[in-house]
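Participant: work.txt is the file, holding compact mmCIF, C-alpha atoms:
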# COMPACT_ATOMS: atom_id res chain seq x y z
CA MET N 1 11.00 2.29 8.66
CA PRO N 2 10.36 5.00 11.32
CA ASN N 3 13.39 6.94 10.00
CA ILE N 4 11.94 6.83 6.49
CA LEU N 5 8.57 8.10 7.74
CA ARG N 6 10.31 10.91 9.62
CA GLU N 7 12.31 11.78 6.50
CA VAL N 8 9.15 11.88 4.38
CA SER N 9 7.57 14.20 6.94
CA VAL N 10 10.58 16.52 6.76
CA LEU N 11 10.49 16.44 2.95
CA GLN N 12 6.85 17.44 3.06
CA GLN N 13 7.55 20.33 5.43
CA GLU N 14 10.35 21.52 3.14
CA GLY N 15 8.03 21.43 0.12
CA LYS N 16 10.04 18.65 -1.56
CA LEU N 17 7.01 16.36 -1.96
CA HIS N 18 4.27 16.99 -4.49
CA THR N 19 0.94 17.61 -2.77
CA ARG N 20 -0.92 15.05 -4.90
CA LEU N 21 1.53 12.31 -3.92
CA VAL N 22 1.18 13.17 -0.23
CA THR N 23 -2.62 13.26 -0.48
CA ARG N 24 -2.78 9.94 -2.32
CA THR N 25 -0.46 8.29 0.21
CA ARG N 26 -2.52 9.62 3.13
CA ILE N 27 -5.76 8.37 1.57
CA PHE N 28 -4.31 4.88 1.16
CA LEU N 29 -3.08 4.94 4.76
CA VAL N 30 -6.52 5.99 6.06
CA VAL N 31 -8.25 3.32 3.95
CA SER N 32 -5.87 0.67 5.26
CA LEU N 33 -6.54 1.74 8.86
CA ILE N 34 -10.30 1.57 8.26
CA LEU N 35 -9.86 -1.93 6.83
CA LEU N 36 -7.80 -2.85 9.90
CA CYS N 37 -10.70 -1.76 12.11
CA VAL N 38 -13.14 -3.80 10.02
CA SER N 39 -10.83 -6.81 10.22
CA LEU N 40 -10.57 -6.44 13.99
CA TYR N 41 -14.36 -6.24 14.19
CA PHE N 42 -14.60 -9.56 12.35
CA ILE N 43 -12.06 -11.09 14.71
CA PHE N 44 -13.57 -9.88 17.98
CA ALA N 45 -17.30 -9.64 17.19
CA GLN N 46 -17.79 -12.26 14.49
CA GLY N 47 -15.30 -14.84 15.73
CA ALA N 48 -12.93 -14.89 12.75
CA ASN N 49 -9.70 -16.78 13.32
CA ALA N 50 -7.09 -14.22 14.42
CA ALA N 51 -4.14 -16.33 13.27
CA LEU N 52 -5.57 -16.80 9.77
CA SER N 53 -6.51 -13.12 9.56
CA GLY N 54 -3.00 -12.13 10.66
CA ALA N 55 -1.38 -14.50 8.19
CA LEU N 56 -3.50 -13.13 5.34
CA ALA N 57 -2.76 -9.54 6.38
CA LEU N 58 0.98 -10.33 6.50
CA ALA N 59 0.85 -12.03 3.09
CA GLY N 60 -1.04 -9.03 1.71
CA LEU N 61 1.51 -6.67 3.25
CA VAL N 62 4.41 -8.46 1.56
CA ILE N 63 2.65 -8.69 -1.81
CA GLY N 64 1.50 -5.07 -1.61
CA TYR N 65 4.97 -3.83 -0.69
CA PHE N 66 6.95 -5.73 -3.29
CA VAL N 67 4.44 -5.99 -6.16
CA PHE N 68 1.56 -3.53 -6.01
CA SER N 69 3.54 -0.51 -4.84
CA ARG N 70 4.82 -0.36 -8.43
CA ILE N 71 1.41 0.90 -9.54
CA THR N 72 2.44 4.38 -8.38
CA PRO N 73 5.83 5.22 -9.92
CA VAL N 74 7.75 7.99 -8.17
CA GLN N 75 10.29 10.34 -9.75
CA TRP N 76 12.30 13.48 -8.99
CA ASN N 77 11.19 16.57 -10.94
CA THR N 78 14.26 18.75 -11.48
CA GLU N 79 12.20 21.80 -12.48
CA THR N 80 10.09 21.96 -9.32
CA GLU N 81 12.66 20.12 -7.18
CA GLN N 82 9.99 17.81 -5.80
CA VAL N 83 9.38 14.11 -5.54
CA GLU N 84 6.20 13.44 -7.52
CA SER N 85 4.15 10.68 -9.07
CA ALA N 86 5.38 9.74 -12.51
CA SER N 87 3.00 8.94 -15.32
CA MET N 88 1.99 5.34 -15.20
CA GLY N 89 3.52 3.21 -17.92
CA ALA N 90 2.80 -0.28 -19.13
CA LEU N 91 4.14 -1.75 -15.88
CA GLY N 92 1.70 0.31 -13.79
CA TYR N 93 -1.27 -0.68 -15.92
CA SER N 94 -0.15 -4.30 -15.78
CA MET N 95 0.04 -4.05 -11.99
CA ILE N 96 -3.53 -2.70 -11.85
CA GLY N 97 -4.70 -5.65 -13.94
CA LEU N 98 -2.76 -8.05 -11.75
CA TYR N 99 -4.19 -6.39 -8.64
CA ILE N 100 -7.76 -6.86 -9.90
CA VAL N 101 -7.14 -10.48 -10.89
CA PHE N 102 -5.45 -11.17 -7.54
CA GLU N 103 -8.26 -9.62 -5.52
CA ILE N 104 -11.00 -11.43 -7.44
CA GLY N 105 -9.07 -14.70 -7.24
CA ALA N 106 -8.40 -14.36 -3.53
CA ARG N 107 -12.02 -13.46 -2.85
CA THR N 108 -13.21 -16.46 -4.88
CA VAL N 109 -10.80 -18.92 -3.27
CA LEU N 110 -11.53 -17.71 0.24
CA SER N 111 -15.29 -17.77 -0.37
CA ASN N 112 -15.13 -21.29 -1.80
CA GLU N 113 -12.96 -22.59 1.03
CA LEU N 114 -14.52 -20.78 3.97
CA GLY N 115 -18.04 -20.03 2.84
CA ALA N 116 -19.90 -17.09 4.34
CA SER N 117 -17.23 -16.42 6.97
CA ALA N 118 -14.67 -15.48 4.30
CA GLU N 119 -15.62 -11.80 4.33
CA GLY N 120 -13.49 -10.99 7.38
CA TYR N 121 -10.48 -12.76 5.89
CA VAL N 122 -10.86 -10.87 2.61
CA PHE N 123 -10.85 -7.59 4.56
CA ALA N 124 -7.65 -8.68 6.36
CA LEU N 125 -5.98 -9.54 3.06
CA ILE N 126 -7.01 -6.26 1.42
CA PHE N 127 -5.85 -4.34 4.51
CA GLY N 128 -2.42 -5.92 4.13
CA LEU N 129 -2.32 -5.22 0.38
CA ILE N 130 -3.17 -1.54 0.73
CA LEU N 131 -0.87 -0.99 3.71
CA GLY N 132 1.96 -2.78 1.90
CA ARG N 133 1.38 -0.70 -1.20
CA THR N 134 1.44 2.49 0.88
CA LEU N 135 4.64 1.53 2.68
CA GLY N 136 6.19 0.57 -0.66
CA VAL N 137 5.42 4.01 -2.07
CA VAL N 138 6.91 5.67 1.02
CA ALA N 139 10.06 3.55 0.62
CA GLU N 140 10.18 4.51 -3.07
CA ILE N 141 9.91 8.20 -2.15
CA HIS N 142 12.88 7.72 0.16
CA ARG N 143 14.85 5.85 -2.50
CA VAL N 144 14.21 8.46 -5.21
CA TYR N 145 15.11 11.35 -2.93
CA THR N 146 18.32 9.79 -1.66
CA ALA N 147 19.36 8.67 -5.16
CA THR N 148 18.96 12.15 -6.59
CA HIS N 149 20.66 13.88 -3.68
CA ALA N 150 23.58 11.51 -3.22
CA THR N 151 25.19 12.86 -6.38
CA ASN N 152 24.40 16.54 -5.72
Could I get this file's structure written as C-alpha cells?
Facilitator:
Amino acid sequence: MPNILREVSVLQQEGKLHTRLVTRTRIFLVVSLILLCVSLYFIFAQGANAALSGALALAGLVIGYFVFSRITPVQWNTETEQVESASMGALGYSMIGLYIVFEIGARTVLSNELGASAEGYVFALIFGLILGRTLGVVAEIHRVYTATHATN
C-alpha cells in the first residue's frame, strides 16, 4: 500500500489526477482521522473496550474497502489525460443506499446490544468504513492508471 500512496502522490505532482478527486479523497482521509481520534477518546477516557472497537474498525475497513469504495467510480479521461471521478451510475447510487441502511442498522444493533455505551463503537465502525472507502478509492486510482498505461 505505501507504494500505491507514493504513486498517487507522483501522479498528483505530474497533474495526472483531477483536483476534485484529490480533494474528495483528502477530505475522507481527514474525516477518518478525526473519527479515529474520537474513537481513541472513547477507549481511553470513556472506558470503551479496545478489542471490540478494534474489531469493529477492522470490519468497517474491510467492508469500506471492498464494498463502499465503489460509490466513487474512477476512470481515465483521454482528453485531459487525468484520472478522474466518473459519473455515478446505478451501482453507485445502490451503494449509497446500502451504506445508509448499513449505518442505521449497525447503529441500531449496537445501541440495542450495548445501550448508551454504543456511541464509541459506532464511531470506531464508521472510522473503519470511511478509511476503507478512502483506501479503496486510492487502490482504484492505481488500478485505472496502470491499466490505461500498460497498453500505451
Participant: Which residues are near N:Leu17? Cut-off 7 Å, only C-alpha atoms, ignore same chain within fewer than 3 positions. Put them as a CSV table (one decimal) with C-alpha atoms, keeping the file's coordinate frame.
Facilitator:
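Below is the file that was written, result16.csv:
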chain,number,residue,atom,x,y,z
N,11,LEU,CA,10.5,16.4,3.0
N,12,GLN,CA,6.8,17.4,3.1
N,22,VAL,CA,1.2,13.2,-0.2
N,82,GLN,CA,10.0,17.8,-5.8
N,83,VAL,CA,9.4,14.1,-5.5
N,84,GLU,CA,6.2,13.4,-7.5
Participant: Do you have the atom CA of N:Tyr121-atom CA of N:Ile104 distance handy?
Facilitator: 13.4 Å
Participant: Could you check the closest approach to N:Gly132 for each of N:Phe66, N:Tyr99, N:Tyr41, N:Tyr145 and tell me which residue wins, using only C-alpha atoms?
Facilitator: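 Among N:Phe66, N:Tyr99, N:Tyr41, N:Tyr145, it is N:Phe66 that comes nearest to N:Gly132.
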Participant: Using all atoms listed in the file, which residue out of N:Ala118, N:Ala139, N:Val109, N:Leu33 lies closest to N:Ala48?
Facilitator: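 Smallest distance to N:Ala48 is found for N:Ala118.
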Participant: Using only C-alpha atoms - which residues lie no farther than 9 Å from the point (-1.4, -12.1, 4.4) in the file's frame? Write them as JSON, numbers by chain.
Facilitator: {"N": [52, 53, 54, 55, 56, 57, 58, 59, 60, 61, 62, 63, 124, 125, 126, 127, 128, 129]}
Participant: Quick one: residues within 10 Å of N:Thr134, only C-alpha atoms counted, chain neighbours fewer than 4 positions away excluded, as a ChimeraX atom specification?
Facilitator: /N:24-29,32,61,64-65,68-69,72,128-130,138-140
